[in-house]
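Encoded as structure tokens, the structure appears first; notes follow it.
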Amino acid sequence: MDYPNLLETAFDEFTAAPAVAAVPAAGAAGDSAGAPRLLIWRQIRWSNRRPLIEVEPVVPARVAGAHNRAPHATGVPHMTGESTPTQESNPAQLGVPSGVRIQIPLTPGAYLGLRIPRDSEGELYRYCAGYTTGTSNDAAESAPKPGGASAGIRRVPCPEGTRIQRGQQCPRCTARDEFTALHSAHLYPGTLTESMRAYAMLEHRLYIATFPDGTHKVGTSSLHSTPRRLDEQAVATATYIALAPDGLAIRRAEDAVTALAKIPQVKQVASKYRAWTNPLPGAQLRAAHQEAVARAREALAELARTEPDVPLTALDEPWIPSLAMNRPYAALRAQSPDPLASCDSGTESGSAGFFCTGAAGQFLSAHTGDADAAFLVNTVAWRNTLVEPTQEFTRVRVQGSLF
């Protein structure tokens with residue numbers, strides 16, 4: 001039995017978008033000879049506390065070349081065959097990133113199925129994610145500043161549509177990226193562009209996040225990325241503990257918490273995934289979080305004594321999971337956790353398929369027909385990877401049964 005596939009809706013939205021109205025419908029769905037309908041899976045994006053599947057349709061190289069658009073003028077970058085030599089050696093996979101990202105709301109109960117092709121050498125088709133710049137206009141990821149101006153960040157598609165082997169960016173986009181400098185701007189303020197400096201001057205918060213295995217991280221969120229930043233992190237619980245008038249001050253506080261309280265600033269995705277499939281009991285988790293928050297507060301008190309020029313205001317605001325996270329968080333709320341099972345992402349088997357029930361960060365909770373036999377899908381394995389919508393079902397061992 002075939003089910004409506006969430007990914008299929010991307011093609012209709014792509015061909016209807018004004019920015020690509022000049023591109024024939026075949027460009028989004030394959031040509032009339034039956035070429036496959038291909039997408040690049042980009043990420044799970046959170047907006048207004050809701051998860052959205054973000055994908056980028058692929059267009060045939062001949063279509064992209066025929067329209068010969070200037071980079072970023074309409075959202076479809078100018079592409080040439082020189083940027084995708086491996087595709088040229090495999091005519092069945094001819095195509096280039098369109099530069100247009102489609103966001104599909106994650107509907108509870110909806111089916112999502114995909115195939116993950118490989119080239120003749122067995123490699124996945126991965127494409128550069130582009131780069132980030134500051135912006136002072138009314139872009140989607142901007143926040144108002146006093147006086148009506150705005151500051152934010154904007155993602156720009158990779159102008160060359162480059163295929164990559166590792167990481168998320170090609171060397172050129174890595175060099176173009178303006179956001180990276182923000183992480184060390186409190187140490188080297190001269191590295192910021194004017195627009196990124198405006199973003200850095202937004203109000204920022206400091207938070208302590210605890211993951212289901214009882215480990216922690218300290219992090220920051222800007223005025224416009226609260227609470228989205230924590231929605232993206234797949235945390236079990238979190239508390240905002242300080243407010244600063246700008247991002248430079250908040251990063252000094254973040255460094256102090258890492259140095260004095262020994263709370264790291266990074267937790268790897270693979271470690272997060274293992275944490276969700278092996279959670280601590282709820283009482284232990286809450287106690288671990290409160291202990292980490294207390295240590296962080298002591299570190300900030302020490303910072304206030306040694307560096308009184310860092311402008312911080314104490315906060316005690318809990319982060320509350322959104323309703324879209326109910327299914328994965330139900331396991332954490334239980335007295336004796338009944339964790340979601342782990343599963344193969346499909347990169348090894350070549351396909352995946354399931355009914356979606358919710359999300360936590362980049363992880364999807366799902367089942368293949370029995371809602372009680374739930375598992376967790378790590379979609380980071382698909383990030384920037386070419387996929388084809390298809391009818392498949394994930395095979396995963398849940399409570400002794402094979403699904």
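Chain lettering (A, B, ...) mirrors the order of the structure tokens, residue numbering begins at 1 for each chain separately, and ligand numbering begins at 1 in order of display.
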
Extract, using only C-alpha atoms, all DNA, RNA and protein residues at most 8 Å from Ala381 (chain A), discarding same-chain residues fewer than 2 positions from it, and format them as a PDB file with N, CA and C atoms, in the first residue's frame.
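And here's around15.pdb as it stands now:
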ATOM      1  N   SER A 345      19.979   4.623  10.251  1.00  0.00           N
ATOM      2  CA  SER A 345      19.489   5.832   9.574  1.00  0.00           C
ATOM      3  C   SER A 345      19.125   5.571   8.116  1.00  0.00           C
ATOM      4  N   THR A 347      21.567   5.060   5.770  1.00  0.00           N
ATOM      5  CA  THR A 347      22.732   5.325   4.915  1.00  0.00           C
ATOM      6  C   THR A 347      23.450   4.028   4.550  1.00  0.00           C
ATOM      7  N   ASN A 378      17.949   9.455  13.541  1.00  0.00           N
ATOM      8  CA  ASN A 378      18.938  10.531  13.536  1.00  0.00           C
ATOM      9  C   ASN A 378      19.058  11.077  12.121  1.00  0.00           C
ATOM     10  N   THR A 379      18.366  12.183  11.838  1.00  0.00           N
ATOM     11  CA  THR A 379      18.363  12.718  10.476  1.00  0.00           C
ATOM     12  C   THR A 379      19.649  13.452  10.124  1.00  0.00           C
ATOM     13  N   ARG A 383      22.093  14.844   6.391  1.00  0.00           N
ATOM     14  CA  ARG A 383      22.280  16.272   6.165  1.00  0.00           C
ATOM     15  C   ARG A 383      23.096  16.531   4.902  1.00  0.00           C
TER      16      ARG A 383
END

### Task
Check the DSSP output for the backbone and give back, as a PyMOL selection string, the residues of region 166-389 of chain A in strand (DSSP E).
chain A and resi 204-210+216-222+237-244+313-318+351-360+363-367+375-378+385-389

Just the selected residues (N, CA and C atoms), exported as a compact mmCIF listing (two decimals), in the first residue's frame, please.
# COMPACT_ATOMS: atom_id res chain seq x y z
N HIS A 204 21.57 38.87 24.32
CA HIS A 204 21.85 37.43 24.32
C HIS A 204 21.59 36.83 25.69
N ARG A 205 21.29 35.53 25.69
CA ARG A 205 21.09 34.79 26.94
C ARG A 205 22.09 33.65 27.04
N LEU A 206 22.35 33.28 28.29
CA LEU A 206 23.22 32.14 28.58
C LEU A 206 22.35 31.04 29.17
N TYR A 207 22.53 29.80 28.70
CA TYR A 207 21.73 28.70 29.22
C TYR A 207 22.61 27.51 29.61
N ILE A 208 22.09 26.71 30.49
CA ILE A 208 22.67 25.41 30.82
C ILE A 208 21.68 24.36 30.34
N ALA A 209 22.15 23.47 29.48
CA ALA A 209 21.31 22.40 28.93
C ALA A 209 21.80 21.05 29.44
N THR A 210 20.87 20.20 29.79
CA THR A 210 21.19 18.84 30.23
C THR A 210 20.54 17.85 29.27
N HIS A 216 25.96 17.70 30.24
CA HIS A 216 25.53 19.09 30.11
C HIS A 216 26.35 19.84 29.06
N LYS A 217 25.81 21.00 28.67
CA LYS A 217 26.57 21.98 27.90
C LYS A 217 26.09 23.36 28.29
N VAL A 218 26.98 24.35 28.11
CA VAL A 218 26.59 25.74 28.26
C VAL A 218 26.53 26.33 26.87
N GLY A 219 25.56 27.19 26.65
CA GLY A 219 25.41 27.78 25.33
C GLY A 219 24.77 29.15 25.39
N THR A 220 24.66 29.79 24.22
CA THR A 220 24.09 31.13 24.13
C THR A 220 23.00 31.17 23.07
N SER A 221 22.08 32.10 23.22
CA SER A 221 21.07 32.33 22.20
C SER A 221 20.84 33.83 22.09
N SER A 222 20.65 34.27 20.88
CA SER A 222 20.42 35.70 20.65
C SER A 222 18.96 36.06 20.89
N THR A 237 16.41 18.99 29.33
CA THR A 237 15.93 20.12 30.11
C THR A 237 16.97 21.23 30.04
N ALA A 238 16.55 22.45 30.25
CA ALA A 238 17.48 23.58 30.16
C ALA A 238 16.94 24.76 30.96
N THR A 239 17.88 25.61 31.38
CA THR A 239 17.53 26.81 32.15
C THR A 239 18.37 27.98 31.66
N TYR A 240 17.70 29.11 31.38
CA TYR A 240 18.42 30.34 31.07
C TYR A 240 18.88 30.95 32.39
N ILE A 241 20.19 31.22 32.50
CA ILE A 241 20.71 31.67 33.81
C ILE A 241 21.26 33.09 33.78
N ALA A 242 21.43 33.68 32.61
CA ALA A 242 21.96 35.06 32.57
C ALA A 242 21.56 35.75 31.28
N LEU A 243 21.48 37.06 31.36
CA LEU A 243 21.14 37.92 30.23
C LEU A 243 22.24 38.96 30.08
N ALA A 244 22.65 39.23 28.84
CA ALA A 244 23.64 40.28 28.56
C ALA A 244 23.12 41.16 27.44
N THR A 313 22.88 40.10 33.83
CA THR A 313 21.72 40.09 34.72
C THR A 313 21.35 38.63 34.95
N ALA A 314 21.19 38.24 36.20
CA ALA A 314 20.85 36.86 36.53
C ALA A 314 19.43 36.52 36.07
N LEU A 315 19.27 35.31 35.54
CA LEU A 315 17.97 34.81 35.12
C LEU A 315 17.73 33.45 35.77
N ASP A 316 16.48 33.08 35.87
CA ASP A 316 16.11 31.74 36.30
C ASP A 316 14.84 31.37 35.54
N GLU A 317 15.02 31.11 34.23
CA GLU A 317 13.89 30.86 33.34
C GLU A 317 14.03 29.47 32.72
N PRO A 318 13.12 28.58 32.99
CA PRO A 318 13.20 27.24 32.39
C PRO A 318 12.81 27.28 30.92
N SER A 351 17.95 2.98 2.36
CA SER A 351 16.60 3.52 2.38
C SER A 351 16.09 3.59 3.81
N ALA A 352 15.03 4.35 3.99
CA ALA A 352 14.37 4.47 5.28
C ALA A 352 12.93 4.90 5.04
N GLY A 353 12.05 4.54 5.97
CA GLY A 353 10.66 4.95 5.85
C GLY A 353 9.92 4.68 7.13
N PHE A 354 9.00 5.58 7.50
CA PHE A 354 8.32 5.46 8.79
C PHE A 354 7.19 6.48 8.86
N PHE A 355 6.38 6.34 9.92
CA PHE A 355 5.36 7.34 10.23
C PHE A 355 5.90 8.24 11.34
N CYS A 356 5.88 9.54 11.13
CA CYS A 356 6.44 10.50 12.08
C CYS A 356 5.47 10.75 13.24
N THR A 357 6.02 10.85 14.43
CA THR A 357 5.18 11.16 15.59
C THR A 357 5.64 12.41 16.34
N GLY A 358 6.85 12.88 16.09
CA GLY A 358 7.34 14.06 16.79
C GLY A 358 8.81 14.27 16.51
N ALA A 359 9.40 15.21 17.23
CA ALA A 359 10.81 15.52 16.98
C ALA A 359 11.45 16.09 18.23
N ALA A 360 12.76 15.93 18.29
CA ALA A 360 13.60 16.58 19.31
C ALA A 360 14.88 16.98 18.60
N PHE A 363 16.35 14.92 15.65
CA PHE A 363 15.89 13.54 15.76
C PHE A 363 14.37 13.47 15.57
N LEU A 364 13.91 12.44 14.85
CA LEU A 364 12.49 12.22 14.66
C LEU A 364 12.05 10.98 15.42
N SER A 365 10.95 11.09 16.16
CA SER A 365 10.35 9.89 16.74
C SER A 365 9.39 9.32 15.71
N ALA A 366 9.35 7.98 15.64
CA ALA A 366 8.62 7.35 14.53
C ALA A 366 8.22 5.92 14.86
N HIS A 367 7.38 5.34 13.99
CA HIS A 367 7.05 3.91 14.07
C HIS A 367 6.72 3.44 12.66
N PHE A 375 10.66 4.32 17.70
CA PHE A 375 12.10 4.43 17.61
C PHE A 375 12.48 5.87 17.27
N LEU A 376 13.79 6.14 17.31
CA LEU A 376 14.29 7.48 17.09
C LEU A 376 15.21 7.48 15.87
N VAL A 377 14.96 8.39 14.95
CA VAL A 377 15.73 8.48 13.71
C VAL A 377 16.67 9.68 13.79
N ASN A 378 17.95 9.46 13.54
CA ASN A 378 18.94 10.53 13.54
C ASN A 378 19.06 11.08 12.12
N THR A 385 22.57 15.57 1.95
CA THR A 385 22.69 14.37 1.14
C THR A 385 21.54 14.26 0.15
N LEU A 386 21.85 13.77 -1.05
CA LEU A 386 20.85 13.55 -2.09
C LEU A 386 19.96 12.38 -1.70
N VAL A 387 18.64 12.58 -1.79
CA VAL A 387 17.68 11.52 -1.49
C VAL A 387 16.60 11.52 -2.55
N GLU A 388 15.92 10.40 -2.65
CA GLU A 388 14.79 10.26 -3.58
C GLU A 388 13.58 9.77 -2.81
N PRO A 389 12.45 10.49 -2.86
CA PRO A 389 11.25 10.01 -2.18
C PRO A 389 10.84 8.65 -2.74

### Task
Would you kindly return, as a PyMOL selection string, each protein, DNA or RNA residue with an atom no farther than 7 Å from any atom of region 118-133 of chain A, considering only C-alpha atoms and excluding same-chain residues fewer than 6 positions away?
chain A and resi 153-158+161-165+168-170+173-174+176-179+384-386

Restrict the selected residues to N, CA and C atoms and save them as an mmCIF file, in the first residue's frame.
data_model
loop_
_atom_site.group_PDB
_atom_site.id
_atom_site.type_symbol
_atom_site.label_atom_id
_atom_site.label_comp_id
_atom_site.auth_asym_id
_atom_site.auth_seq_id
_atom_site.Cartn_x
_atom_site.Cartn_y
_atom_site.Cartn_z
ATOM 1 N N ILE A 153 20.829 37.152 10.547
ATOM 2 C CA ILE A 153 21.714 36.362 9.707
ATOM 3 C C ILE A 153 20.933 35.816 8.522
ATOM 4 N N ARG A 154 21.646 35.499 7.455
ATOM 5 C CA ARG A 154 21.008 35.023 6.233
ATOM 6 C C ARG A 154 21.857 33.918 5.629
ATOM 7 N N ARG A 155 21.198 32.831 5.234
ATOM 8 C CA ARG A 155 21.901 31.746 4.575
ATOM 9 C C ARG A 155 21.939 32.010 3.074
ATOM 10 N N VAL A 156 23.098 31.848 2.475
ATOM 11 C CA VAL A 156 23.290 32.042 1.041
ATOM 12 C C VAL A 156 23.644 30.697 0.412
ATOM 13 N N PRO A 157 22.953 30.286 -0.655
ATOM 14 C CA PRO A 157 23.293 29.013 -1.295
ATOM 15 C C PRO A 157 24.716 29.018 -1.843
ATOM 16 N N CYS A 158 25.332 27.856 -1.869
ATOM 17 C CA CYS A 158 26.667 27.743 -2.463
ATOM 18 C C CYS A 158 26.591 28.168 -3.930
ATOM 19 N N GLY A 161 27.337 25.247 -6.189
ATOM 20 C CA GLY A 161 26.616 23.993 -5.994
ATOM 21 C C GLY A 161 27.566 22.825 -5.807
ATOM 22 N N THR A 162 28.622 23.034 -5.054
ATOM 23 C CA THR A 162 29.728 22.085 -4.978
ATOM 24 C C THR A 162 29.379 20.803 -4.233
ATOM 25 N N ARG A 163 29.812 19.699 -4.788
ATOM 26 C CA ARG A 163 29.698 18.427 -4.091
ATOM 27 C C ARG A 163 30.863 18.313 -3.110
ATOM 28 N N ILE A 164 30.566 17.823 -1.890
ATOM 29 C CA ILE A 164 31.586 17.739 -0.840
ATOM 30 C C ILE A 164 31.697 16.294 -0.348
ATOM 31 N N GLN A 165 32.830 15.986 0.256
ATOM 32 C CA GLN A 165 33.055 14.648 0.804
ATOM 33 C C GLN A 165 32.893 14.618 2.318
ATOM 34 N N GLN A 168 30.312 20.328 6.164
ATOM 35 C CA GLN A 168 29.073 20.886 5.640
ATOM 36 C C GLN A 168 29.288 21.942 4.571
ATOM 37 N N GLN A 169 30.523 22.391 4.388
ATOM 38 C CA GLN A 169 30.790 23.459 3.439
ATOM 39 C C GLN A 169 31.988 23.126 2.558
ATOM 40 N N CYS A 170 31.960 23.680 1.358
ATOM 41 C CA CYS A 170 33.135 23.599 0.501
ATOM 42 C C CYS A 170 34.148 24.644 0.987
ATOM 43 N N CYS A 173 32.966 28.364 0.482
ATOM 44 C CA CYS A 173 31.909 28.839 1.372
ATOM 45 C C CYS A 173 32.400 28.943 2.810
ATOM 46 N N THR A 174 33.324 28.089 3.207
ATOM 47 C CA THR A 174 33.928 28.215 4.531
ATOM 48 C C THR A 174 34.618 29.563 4.662
ATOM 49 N N ARG A 176 33.889 32.249 2.952
ATOM 50 C CA ARG A 176 32.904 33.329 2.833
ATOM 51 C C ARG A 176 32.078 33.502 4.104
ATOM 52 N N ASP A 177 32.004 32.460 4.939
ATOM 53 C CA ASP A 177 31.089 32.456 6.070
ATOM 54 C C ASP A 177 31.462 33.530 7.096
ATOM 55 N N GLU A 178 30.489 34.356 7.446
ATOM 56 C CA GLU A 178 30.723 35.441 8.403
ATOM 57 C C GLU A 178 30.342 35.056 9.825
ATOM 58 N N PHE A 179 29.522 34.002 9.979
ATOM 59 C CA PHE A 179 29.024 33.658 11.303
ATOM 60 C C PHE A 179 30.101 33.015 12.173
ATOM 61 N N ASN A 384 22.555 17.372 4.031
ATOM 62 C CA ASN A 384 23.189 17.783 2.773
ATOM 63 C C ASN A 384 23.354 16.630 1.788
ATOM 64 N N THR A 385 22.570 15.575 1.954
ATOM 65 C CA THR A 385 22.692 14.374 1.136
ATOM 66 C C THR A 385 21.544 14.263 0.145
ATOM 67 N N LEU A 386 21.851 13.768 -1.051
ATOM 68 C CA LEU A 386 20.850 13.554 -2.091
ATOM 69 C C LEU A 386 19.963 12.380 -1.701
#

Please run DSSP on the backbone and report, as a CSV table (one decimal) with N, CA and C atoms, in the first residue's frame, all residues within region 218-304 of chain A that come out as helix (DSSP H, G or I).
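What landed in selection_14.csv:
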chain,number,residue,atom,x,y,z
A,228,ARG,N,14.3,29.1,20.0
A,228,ARG,CA,14.6,28.2,18.8
A,228,ARG,C,16.0,27.5,19.0
A,229,ARG,N,17.0,28.2,19.6
A,229,ARG,CA,18.3,27.6,19.7
A,229,ARG,C,18.2,26.3,20.5
A,230,LEU,N,17.5,26.3,21.6
A,230,LEU,CA,17.3,25.1,22.4
A,230,LEU,C,16.4,24.1,21.8
A,231,ASP,N,15.4,24.5,21.0
A,231,ASP,CA,14.6,23.6,20.3
A,231,ASP,C,15.5,22.7,19.4
A,247,GLY,N,26.2,40.0,22.5
A,247,GLY,CA,26.8,38.7,22.3
A,247,GLY,C,28.2,38.6,22.8
A,248,LEU,N,29.0,39.7,22.8
A,248,LEU,CA,30.3,39.7,23.2
A,248,LEU,C,30.5,39.4,24.7
A,249,ALA,N,29.6,40.1,25.5
A,249,ALA,CA,29.6,39.9,26.9
A,249,ALA,C,29.1,38.5,27.3
A,250,ILE,N,28.1,38.0,26.6
A,250,ILE,CA,27.6,36.7,26.9
A,250,ILE,C,28.6,35.6,26.6
A,251,ARG,N,29.5,35.8,25.6
A,251,ARG,CA,30.5,34.8,25.3
A,251,ARG,C,31.6,34.8,26.3
A,252,ARG,N,31.9,35.9,26.9
A,252,ARG,CA,32.8,36.0,28.1
A,252,ARG,C,32.3,35.2,29.2
A,253,ALA,N,31.0,35.3,29.5
A,253,ALA,CA,30.3,34.5,30.5
A,253,ALA,C,30.4,33.0,30.2
A,254,GLU,N,30.1,32.7,28.9
A,254,GLU,CA,30.1,31.3,28.5
A,254,GLU,C,31.5,30.7,28.8
A,255,ASP,N,32.6,31.4,28.4
A,255,ASP,CA,33.9,30.9,28.6
A,255,ASP,C,34.2,30.7,30.1
A,256,ALA,N,33.7,31.6,30.9
A,256,ALA,CA,33.9,31.5,32.4
A,256,ALA,C,33.3,30.3,32.9
A,257,VAL,N,32.1,29.9,32.5
A,257,VAL,CA,31.4,28.7,32.9
A,257,VAL,C,32.1,27.5,32.5
A,258,THR,N,32.7,27.5,31.3
A,258,THR,CA,33.5,26.3,30.9
A,258,THR,C,34.7,26.2,31.7
A,259,ALA,N,35.4,27.3,31.9
A,259,ALA,CA,36.7,27.3,32.6
A,259,ALA,C,36.5,27.0,34.1
A,260,LEU,N,35.5,27.6,34.7
A,260,LEU,CA,35.4,27.4,36.2
A,260,LEU,C,34.5,26.3,36.6
A,261,ALA,N,33.4,26.1,35.9
A,261,ALA,CA,32.5,25.0,36.3
A,261,ALA,C,32.7,23.7,35.5
A,269,VAL,N,26.7,15.2,18.0
A,269,VAL,CA,25.4,14.7,17.7
A,269,VAL,C,25.3,13.2,18.0
A,270,ALA,N,26.3,12.4,17.7
A,270,ALA,CA,26.3,11.0,18.0
A,270,ALA,C,26.1,10.7,19.5
A,271,SER,N,26.7,11.5,20.3
A,271,SER,CA,26.6,11.4,21.8
A,271,SER,C,25.2,11.8,22.2
A,272,LYS,N,24.6,12.8,21.6
A,272,LYS,CA,23.2,13.2,21.9
A,272,LYS,C,22.2,12.0,21.6
A,273,TYR,N,22.5,11.4,20.5
A,273,TYR,CA,21.6,10.3,20.0
A,273,TYR,C,21.7,9.2,21.0
A,274,ARG,N,22.9,8.8,21.4
A,274,ARG,CA,23.0,7.7,22.4
A,274,ARG,C,22.4,8.1,23.7
A,275,ALA,N,22.4,9.4,24.1
A,275,ALA,CA,21.8,9.9,25.3
A,275,ALA,C,20.3,9.6,25.3
A,276,TRP,N,19.7,9.9,24.1
A,276,TRP,CA,18.2,9.7,24.0
A,276,TRP,C,17.8,8.3,24.0
A,277,THR,N,18.6,7.4,23.6
A,277,THR,CA,18.2,6.0,23.5
A,277,THR,C,18.7,5.3,24.8
A,282,GLY,N,13.9,10.1,35.5
A,282,GLY,CA,13.6,11.5,35.6
A,282,GLY,C,14.1,12.2,36.8
A,283,ALA,N,14.1,11.6,37.9
A,283,ALA,CA,14.5,12.2,39.2
A,283,ALA,C,16.0,12.5,39.1
A,284,GLN,N,16.8,11.5,38.6
A,284,GLN,CA,18.2,11.7,38.5
A,284,GLN,C,18.6,12.8,37.5
A,285,LEU,N,17.8,12.8,36.4
A,285,LEU,CA,18.1,13.8,35.4
A,285,LEU,C,17.8,15.2,35.9
A,286,ARG,N,16.8,15.4,36.7
A,286,ARG,CA,16.5,16.7,37.2
A,286,ARG,C,17.5,17.1,38.3
A,287,ALA,N,18.0,16.2,39.1
A,287,ALA,CA,19.0,16.5,40.1
A,287,ALA,C,20.3,16.9,39.4
A,288,ALA,N,20.7,16.1,38.3
A,288,ALA,CA,21.9,16.4,37.6
A,288,ALA,C,21.8,17.8,37.0
A,289,HIS,N,20.7,18.2,36.5
A,289,HIS,CA,20.6,19.5,35.9
A,289,HIS,C,20.7,20.6,37.0
A,290,GLN,N,20.0,20.5,38.1
A,290,GLN,CA,20.1,21.5,39.1
A,290,GLN,C,21.5,21.6,39.7
A,291,GLU,N,22.3,20.5,39.7
A,291,GLU,CA,23.6,20.6,40.2
A,291,GLU,C,24.5,21.4,39.2
A,292,ALA,N,24.3,21.2,37.9
A,292,ALA,CA,25.0,21.9,36.9
A,292,ALA,C,24.7,23.4,36.9
A,293,VAL,N,23.4,23.7,37.1
A,293,VAL,CA,23.0,25.1,37.1
A,293,VAL,C,23.7,25.8,38.3
A,294,ALA,N,23.7,25.1,39.4
A,294,ALA,CA,24.4,25.7,40.6
A,294,ALA,C,25.9,25.9,40.4
A,295,ARG,N,26.5,25.0,39.8
A,295,ARG,CA,28.0,25.2,39.5
A,295,ARG,C,28.2,26.4,38.5
A,296,ALA,N,27.3,26.5,37.5
A,296,ALA,CA,27.4,27.6,36.6
A,296,ALA,C,27.2,28.9,37.3
A,297,ARG,N,26.2,29.0,38.2
A,297,ARG,CA,26.0,30.3,38.9
A,297,ARG,C,27.2,30.7,39.7
A,298,GLU,N,27.8,29.7,40.4
A,298,GLU,CA,29.0,30.0,41.1
A,298,GLU,C,30.1,30.5,40.2
A,299,ALA,N,30.2,30.0,39.0
A,299,ALA,CA,31.2,30.5,38.1
A,299,ALA,C,30.9,31.9,37.7
A,300,LEU,N,29.6,32.3,37.5
A,300,LEU,CA,29.3,33.6,37.1
A,300,LEU,C,29.5,34.6,38.3
A,301,ALA,N,29.3,34.1,39.5
A,301,ALA,CA,29.6,35.0,40.7
A,301,ALA,C,31.1,35.3,40.7
A,302,GLU,N,31.9,34.3,40.4
A,302,GLU,CA,33.3,34.5,40.4
A,302,GLU,C,33.7,35.5,39.3
A,303,LEU,N,33.1,35.3,38.1
A,303,LEU,CA,33.3,36.3,37.0
A,303,LEU,C,33.0,37.7,37.4
A,304,ALA,N,31.9,37.9,38.1
A,304,ALA,CA,31.5,39.2,38.6
A,304,ALA,C,32.5,39.8,39.5

### Message
What's the separation between CA of Asp372 (chain A) and CA of Arg333 (chain A), in Å to one decimal place?
### Response
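Those two atoms sit 16.1 Å apart.
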
### Query
Using only C-alpha atoms, which residues sit within 6 Å of Ser195 (chain A) once same-chain residues fewer than 3 positions away are excluded, as a PyMOL selection string?
chain A and resi 134-135+198

### Query
Counting only C-alpha atoms, which of A:Glu194, A:Glu13, A:Glu160, A:Asp338 gets nearest to Ile104 (chain A)?
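So, comparing all the options, the nearest one is A:Glu13.
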
### Summary
The distance between CA of Gly346 (chain A) and CA of Ile44 (chain A) is 16.7 Å

### Gap from CA of Tyr111 (chain A) to CA of Gln391 (chain A) - Å, one decimal
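Pair CA of Tyr111 (chain A) / CA of Gln391 (chain A) returns 9.1 Å.
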
### Task
For Gly350 (chain A), list every protein, DNA or RNA residue within 7 Å, evaluated using only C-alpha atoms, and leave out those in the same chain fewer than 6 positions away; present the list as a list of chain:residue names.
A:Arg115, A:Ile116, A:Pro117

Those same residues, written as a CSV table (one decimal), in the first residue's frame with C-alpha atoms?
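New file again.csv:
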chain,number,residue,atom,x,y,z
A,115,ARG,CA,16.1,6.2,-0.9
A,116,ILE,CA,19.7,7.3,-0.5
A,117,PRO,CA,21.7,6.8,-3.8
